[in-house]
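Here is the structure we will look at, set down as structure tokens.
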Amino acid sequence: MNETKIAIIGCGKQAPKHISGLCSIPGVKLVLADIDESLAKALAKKEGLAWVPSVDSVFSDDTIQAVDICTPTSRHAEQIRSAIEAGKDFICEKPLCEELSVARELAELVEKHHRIGMLGYIYRFAPIFELGRILFEEVPKTGESLVMGKIVSAHFRLGGRGSHQVWKHRKESSGGAINEMLVHMIDLAIWYFGAVKHVDVLACDLLRKRRVIQGIEYEVDAEDYVLARMEMESGVSVFCQADLVTPAFTQFIEVQGENGTFMGSIQPDMPSFLYCNKERAGYRAGKTPFDLGPHNLFEAQMADFVNAVRTRKPPSRSTIKDSVLLMEAMNEVLR
């Protein structure tokens with residue numbers, strides 16, 4: 001197998017997760033870079049990897065085929081452009097960038113230069129949600145599932161306790177439940193049901209104005225509870241709710257169709273099942289439970305990216321075009 005050399009740019013808290021995922025793939029060689037040389041050096045020593053003293057040297061190195069961008073959002077667009085200009089493929093932590101117009105420009109550059117571009121929306125790689133994608137594959141085209149029939153309603157929920165980092169609760173640093181949590185559920189909704197036609201934000205509240213983070217109490221201003229109703233172009237009505245006030249992490253989706261119910265969650269203690277009123281498309285009438293076991297989402301995501309780089313075929317999900325659709329929907333929510 002030919003070696004695939006990938007540079008990880010940005011050696012903060014996300015990088016170790018990406019390193020773990022990429023190191024699980026045979027034939028991948030990693031090198032680390034950061035604008036702070038000491039961070040790259042320290043993480044490289046900890047992980048037993050190579051490092052380079054500057055980010056610019058990554059883009060000028062012809063032996064590096066792809067980059068994995070784990071830097072703050074404000075740097076994404078510039079580094080993606082640099083990767084494309086240098087003839088390198090890329091995977092980037094979410095979100096793609098800060099402005100919708102820039103996202104559209106980047107999507108055009110990827111297509112024009114025939115590059116592989118992928119975003120880190122990790123929920124798409126959970127086996128239970130992959131199963132949901134199969135169940136709803138025809139919905140964006142027809143408004144109906146081959147198994148569940150016409151989709152009547154859908155609810156997507158993601159809740160966490162927050163209070164990990166103060167920036168995640170400040171508007172000036174793009175924190176809050178919308179950017180941190182809701183975005184993942186909207187991404188799944190688009191993956192299942194197609195583009196968003198209209199958004200109504202039913203609630204957007206700050207319920208906890210003070211947070212104790214790493215032993216220090218802060219006053220915060222970003223919303224920590226949001227509920228939105230989205231009308232999809234397929235005709236499906238979706239409710240997405242996310243918050244940073246749930247003491248115990250909670251995540252699930254619930255979809256009602258004329259022929260039954262689909263429940264799915266990444267939590268092992270939450271029920272995941274398909275209930276059909278009538279047998280259809282290979283699924284029996286009644287309840288079919290799903291126990292898909294533990295799954296490393298970063299390994300699955302990175303495997304998809306590396307396969308795309310090696311085969312020159314687009315990734316199976318989380319493309320730049322997907323991110324443009326997501327940013328269009330997020331703009332409506334944030335408005």
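By convention in this document, the chains of the structure tokens carry letters A, B, ... by their order, each chain's residues are numbered from 1, and ligands are numbered from 1 in the order they are shown.
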
DSSP strand (DSSP E) residues within segment 29-101 of chain A, as JSON, numbers by chain
{"A": [29, 30, 31, 32, 33, 50, 51, 66, 67, 68, 69, 89, 90, 91, 92]}

Convert the current residue selection to file output with N, CA, C and O atoms, as a short mmCIF file (atom, residue, chain, number, x, y, z; two decimals), in the first residue's frame.
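Listing of selection-v1.cif after writing:
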data_model
loop_
_atom_site.label_atom_id
_atom_site.label_comp_id
_atom_site.auth_asym_id
_atom_site.auth_seq_id
_atom_site.Cartn_x
_atom_site.Cartn_y
_atom_site.Cartn_z
N LYS A 29 0.82 8.32 7.33
CA LYS A 29 1.93 8.92 8.06
C LYS A 29 1.55 10.34 8.44
O LYS A 29 1.10 11.11 7.59
N LEU A 30 1.76 10.70 9.70
CA LEU A 30 1.33 12.00 10.20
C LEU A 30 2.50 12.90 10.53
O LEU A 30 3.56 12.44 10.98
N VAL A 31 2.27 14.21 10.34
CA VAL A 31 3.20 15.23 10.78
C VAL A 31 2.37 16.35 11.39
O VAL A 31 1.26 16.64 10.92
N LEU A 32 2.84 16.98 12.45
CA LEU A 32 2.08 17.99 13.18
C LEU A 32 2.66 19.39 12.94
O LEU A 32 3.88 19.56 12.80
N ALA A 33 1.76 20.38 12.95
CA ALA A 33 2.18 21.78 12.79
C ALA A 33 1.24 22.68 13.57
O ALA A 33 0.05 22.36 13.75
N ALA A 50 6.14 12.99 14.00
CA ALA A 50 7.01 14.05 13.49
C ALA A 50 6.30 15.39 13.59
O ALA A 50 5.06 15.46 13.65
N TRP A 51 7.06 16.47 13.57
CA TRP A 51 6.47 17.81 13.58
C TRP A 51 7.34 18.73 12.73
O TRP A 51 8.49 18.42 12.42
N ALA A 66 -2.33 15.71 2.03
CA ALA A 66 -3.57 16.25 2.59
C ALA A 66 -3.30 16.90 3.94
O ALA A 66 -2.30 16.60 4.60
N VAL A 67 -4.20 17.79 4.35
CA VAL A 67 -4.09 18.45 5.65
C VAL A 67 -5.37 18.24 6.44
O VAL A 67 -6.47 18.14 5.87
N ASP A 68 -5.21 18.18 7.72
CA ASP A 68 -6.31 18.05 8.67
C ASP A 68 -6.29 19.31 9.52
O ASP A 68 -5.39 19.53 10.33
N ILE A 69 -7.29 20.18 9.33
CA ILE A 69 -7.29 21.51 9.93
C ILE A 69 -8.07 21.50 11.24
O ILE A 69 -9.28 21.31 11.26
N ASP A 89 -5.52 17.91 -0.55
CA ASP A 89 -6.87 17.68 -0.07
C ASP A 89 -6.94 18.09 1.40
O ASP A 89 -5.92 18.30 2.05
N PHE A 90 -8.17 18.18 1.94
CA PHE A 90 -8.28 18.63 3.33
C PHE A 90 -9.53 18.09 4.01
O PHE A 90 -10.55 17.83 3.38
N ILE A 91 -9.40 17.92 5.30
CA ILE A 91 -10.54 17.72 6.20
C ILE A 91 -10.42 18.81 7.24
O ILE A 91 -9.31 19.16 7.66
N CYS A 92 -11.54 19.38 7.64
CA CYS A 92 -11.52 20.56 8.51
C CYS A 92 -12.55 20.39 9.63
O CYS A 92 -13.67 19.92 9.39
#

Determine which residues of segment 88-245 of chain A receive a DSSP assignment of alpha helix (DSSP H), computed from the backbone, and state them as JSON, numbers by chain.
{"A": [100, 101, 102, 103, 104, 105, 106, 107, 108, 109, 110, 111, 112, 127, 128, 129, 130, 131, 132, 133, 134, 135, 139, 140, 141, 142, 177, 183, 184, 185, 186, 187, 188, 189, 190, 191, 192, 193]}

Expected file contents, prior selection, N, CA and C atoms, as a tab-separated table (two decimals), in the first residue's frame:
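Okay, this is what ended up in again33.tsv:
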chain	number	residue	atom	x	y	z
A	100	LEU	N	-21.21	32.89	4.90
A	100	LEU	CA	-21.82	32.05	3.88
A	100	LEU	C	-21.21	32.30	2.51
A	101	SER	N	-20.95	33.56	2.18
A	101	SER	CA	-20.38	33.89	0.87
A	101	SER	C	-19.01	33.23	0.70
A	102	VAL	N	-18.24	33.17	1.78
A	102	VAL	CA	-16.93	32.53	1.74
A	102	VAL	C	-17.09	31.02	1.58
A	103	ALA	N	-18.08	30.45	2.23
A	103	ALA	CA	-18.34	29.01	2.10
A	103	ALA	C	-18.65	28.66	0.66
A	104	ARG	N	-19.46	29.47	0.01
A	104	ARG	CA	-19.79	29.22	-1.40
A	104	ARG	C	-18.55	29.33	-2.28
A	105	GLU	N	-17.70	30.30	-1.98
A	105	GLU	CA	-16.45	30.48	-2.73
A	105	GLU	C	-15.56	29.25	-2.58
A	106	LEU	N	-15.43	28.75	-1.34
A	106	LEU	CA	-14.59	27.58	-1.09
A	106	LEU	C	-15.14	26.35	-1.81
A	107	ALA	N	-16.46	26.20	-1.84
A	107	ALA	CA	-17.07	25.07	-2.55
A	107	ALA	C	-16.74	25.13	-4.03
A	108	GLU	N	-16.76	26.32	-4.61
A	108	GLU	CA	-16.40	26.48	-6.02
A	108	GLU	C	-14.94	26.14	-6.27
A	109	LEU	N	-14.06	26.54	-5.35
A	109	LEU	CA	-12.63	26.25	-5.50
A	109	LEU	C	-12.36	24.75	-5.44
A	110	VAL	N	-13.02	24.07	-4.53
A	110	VAL	CA	-12.86	22.61	-4.41
A	110	VAL	C	-13.25	21.93	-5.71
A	111	GLU	N	-14.39	22.34	-6.27
A	111	GLU	CA	-14.86	21.73	-7.52
A	111	GLU	C	-13.94	22.09	-8.69
A	112	LYS	N	-13.54	23.34	-8.77
A	112	LYS	CA	-12.70	23.80	-9.87
A	112	LYS	C	-11.36	23.08	-9.91
A	127	PRO	N	-23.32	4.61	13.63
A	127	PRO	CA	-24.05	3.55	12.92
A	127	PRO	C	-25.56	3.71	12.96
A	128	ILE	N	-26.12	4.15	14.10
A	128	ILE	CA	-27.57	4.29	14.17
A	128	ILE	C	-28.07	5.38	13.24
A	129	PHE	N	-27.28	6.43	13.06
A	129	PHE	CA	-27.71	7.50	12.16
A	129	PHE	C	-27.44	7.14	10.69
A	130	GLU	N	-26.44	6.30	10.46
A	130	GLU	CA	-26.25	5.77	9.11
A	130	GLU	C	-27.46	4.92	8.72
A	131	LEU	N	-27.97	4.16	9.66
A	131	LEU	CA	-29.17	3.36	9.41
A	131	LEU	C	-30.35	4.27	9.10
A	132	GLY	N	-30.48	5.37	9.87
A	132	GLY	CA	-31.55	6.33	9.59
A	132	GLY	C	-31.44	6.91	8.20
A	133	ARG	N	-30.22	7.19	7.77
A	133	ARG	CA	-30.00	7.72	6.42
A	133	ARG	C	-30.54	6.76	5.36
A	134	ILE	N	-30.32	5.45	5.57
A	134	ILE	CA	-30.84	4.45	4.63
A	134	ILE	C	-32.37	4.45	4.64
A	135	LEU	N	-32.95	4.52	5.84
A	135	LEU	CA	-34.41	4.51	5.95
A	135	LEU	C	-35.04	5.70	5.24
A	139	VAL	N	-36.53	10.30	0.89
A	139	VAL	CA	-37.36	11.42	1.35
A	139	VAL	C	-37.04	12.74	0.66
A	140	PRO	N	-35.76	13.13	0.48
A	140	PRO	CA	-35.50	14.41	-0.19
A	140	PRO	C	-36.09	14.49	-1.59
A	141	LYS	N	-36.26	13.33	-2.25
A	141	LYS	CA	-36.78	13.32	-3.62
A	141	LYS	C	-38.30	13.18	-3.67
A	142	THR	N	-38.85	12.40	-2.74
A	142	THR	CA	-40.27	12.06	-2.83
A	142	THR	C	-41.09	12.50	-1.62
A	177	ALA	N	-25.58	27.62	22.48
A	177	ALA	CA	-26.20	26.35	22.13
A	177	ALA	C	-26.41	26.18	20.64
A	183	VAL	N	-26.24	22.95	15.70
A	183	VAL	CA	-25.69	22.75	14.37
A	183	VAL	C	-25.59	21.27	14.01
A	184	HIS	N	-25.25	20.41	14.98
A	184	HIS	CA	-25.12	18.98	14.70
A	184	HIS	C	-26.48	18.35	14.35
A	185	MET	N	-27.53	18.78	15.03
A	185	MET	CA	-28.85	18.21	14.76
A	185	MET	C	-29.42	18.73	13.44
A	186	ILE	N	-29.16	19.99	13.13
A	186	ILE	CA	-29.59	20.51	11.82
A	186	ILE	C	-28.86	19.78	10.70
A	187	ASP	N	-27.58	19.50	10.91
A	187	ASP	CA	-26.82	18.77	9.90
A	187	ASP	C	-27.43	17.40	9.65
A	188	LEU	N	-27.80	16.68	10.71
A	188	LEU	CA	-28.46	15.39	10.53
A	188	LEU	C	-29.79	15.53	9.81
A	189	ALA	N	-30.55	16.56	10.16
A	189	ALA	CA	-31.86	16.77	9.53
A	189	ALA	C	-31.71	17.00	8.02
A	190	ILE	N	-30.70	17.78	7.64
A	190	ILE	CA	-30.44	18.02	6.21
A	190	ILE	C	-30.00	16.74	5.53
A	191	TRP	N	-29.17	15.95	6.20
A	191	TRP	CA	-28.70	14.68	5.63
A	191	TRP	C	-29.87	13.74	5.36
A	192	TYR	N	-30.85	13.77	6.23
A	192	TYR	CA	-32.01	12.89	6.08
A	192	TYR	C	-33.04	13.43	5.10
A	193	PHE	N	-33.35	14.71	5.22
A	193	PHE	CA	-34.55	15.22	4.57
A	193	PHE	C	-34.30	16.30	3.51

Show which residues sit within 6 Å of Gly264 of chain A, as a VMD selection string. Count only C-alpha atoms, and ignore same-chain residues fewer than 6 positions away.
chain A and resid 252 to 253 272

Selected residue, from A:Leu326, A:Val147, A:Val196, A:Leu43, that lies nearest to Thr261 of chain A when counting only C-alpha atoms
A:Val147

Minimum-distance residue to Thr4 of chain A, chosen among A:Asn307, A:Ser145, A:Ser74, A:Asn331 (using only C-alpha atoms)
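Looking only at the distances to Thr4 of chain A, the closest residue turns out to be A:Asn307.
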
Need to verify the contact set: Thr250 of chain A, 8 Å, only C-alpha atoms, exclusion of same-chain residues closer than 6 positions in sequence. Can you return it as a PDB file with N, CA, C and O atoms, in the first residue's frame?
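Contents of part.pdb, as written:
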ATOM      1  N   ARG A 157     -32.850  16.111  19.170  1.00  0.00           N
ATOM      2  CA  ARG A 157     -32.546  16.682  20.486  1.00  0.00           C
ATOM      3  C   ARG A 157     -31.100  16.421  20.866  1.00  0.00           C
ATOM      4  O   ARG A 157     -30.593  15.308  20.707  1.00  0.00           O
ATOM      5  N   LEU A 158     -30.426  17.455  21.363  1.00  0.00           N
ATOM      6  CA  LEU A 158     -29.060  17.325  21.852  1.00  0.00           C
ATOM      7  C   LEU A 158     -28.879  18.255  23.046  1.00  0.00           C
ATOM      8  O   LEU A 158     -29.062  19.471  22.923  1.00  0.00           O
ATOM      9  N   GLY A 159     -28.566  17.685  24.189  1.00  0.00           N
ATOM     10  CA  GLY A 159     -28.406  18.493  25.392  1.00  0.00           C
ATOM     11  C   GLY A 159     -27.162  18.101  26.166  1.00  0.00           C
ATOM     12  O   GLY A 159     -26.852  16.923  26.306  1.00  0.00           O
ATOM     13  N   GLY A 160     -26.443  19.107  26.661  1.00  0.00           N
ATOM     14  CA  GLY A 160     -25.253  18.871  27.472  1.00  0.00           C
ATOM     15  C   GLY A 160     -25.181  19.886  28.593  1.00  0.00           C
ATOM     16  O   GLY A 160     -25.909  20.878  28.603  1.00  0.00           O
ATOM     17  N   GLN A 267     -26.469   7.216  22.561  1.00  0.00           N
ATOM     18  CA  GLN A 267     -26.354   6.789  23.952  1.00  0.00           C
ATOM     19  C   GLN A 267     -26.744   5.313  24.083  1.00  0.00           C
ATOM     20  O   GLN A 267     -27.852   4.932  23.679  1.00  0.00           O
TER      21      GLN A 267
END

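Residues lying within 9 Å of Glu231 of chain A, counting only C-alpha atoms and ignoring same-chain neighbours fewer than 3 positions away, are Val196, Lys197, His198, Val199, Asp200, Ser234, Gly235, Val236, Ser237, Val238 and Phe239 of chain A.
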
Could you write out the selected residues, including C-alpha atoms, as a PDB file, in the first residue's frame?
ATOM      1  CA  VAL A 196     -34.119  23.711   4.615  1.00  0.00           C
ATOM      2  CA  LYS A 197     -36.865  25.864   3.142  1.00  0.00           C
ATOM      3  CA  HIS A 198     -37.874  27.960   6.150  1.00  0.00           C
ATOM      4  CA  VAL A 199     -36.862  28.331   9.813  1.00  0.00           C
ATOM      5  CA  ASP A 200     -38.824  29.584  12.823  1.00  0.00           C
ATOM      6  CA  SER A 234     -39.107  17.802   0.923  1.00  0.00           C
ATOM      7  CA  GLY A 235     -42.157  18.896   2.932  1.00  0.00           C
ATOM      8  CA  VAL A 236     -40.998  17.373   6.219  1.00  0.00           C
ATOM      9  CA  SER A 237     -41.454  19.420   9.395  1.00  0.00           C
ATOM     10  CA  VAL A 238     -38.500  19.123  11.791  1.00  0.00           C
ATOM     11  CA  PHE A 239     -38.147  20.363  15.370  1.00  0.00           C
TER      12      PHE A 239
END

In Å and to one decimal, atom CA of Phe125 of chain A is distant from atom CA of Ile64 of chain A by 25.8 Å

Find the distance between atom CA of Glu37 of chain A and atom CA of Gln165 of chain A and write it in Å to one decimal.
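Spanning atom CA of Glu37 of chain A to atom CA of Gln165 of chain A is a straight-line distance of 23.4 Å.
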
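Counting from atom CA of Glu85 of chain A, the distance to atom CA of His114 of chain A is 11.3 Å.
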
Restricting the calculation to only C-alpha atoms: of A:Met118, A:Ile84, A:Leu22, A:Val166, which residue gets closest to Ala308 of chain A?
A:Met118

With only C-alpha atoms as the counted atoms, please give the residues lying no more than 8 Å from Leu206 of chain A, apart from itself and same-chain residues fewer than 4 positions off, as a ChimeraX atom specification.
/A:221-225

Could you check the closest approach to Gly10 of chain A for each of A:Ser54, A:Thr311, A:Ser323, A:Ser318 and tell me which residue wins, using only C-alpha atoms?
A:Ser54
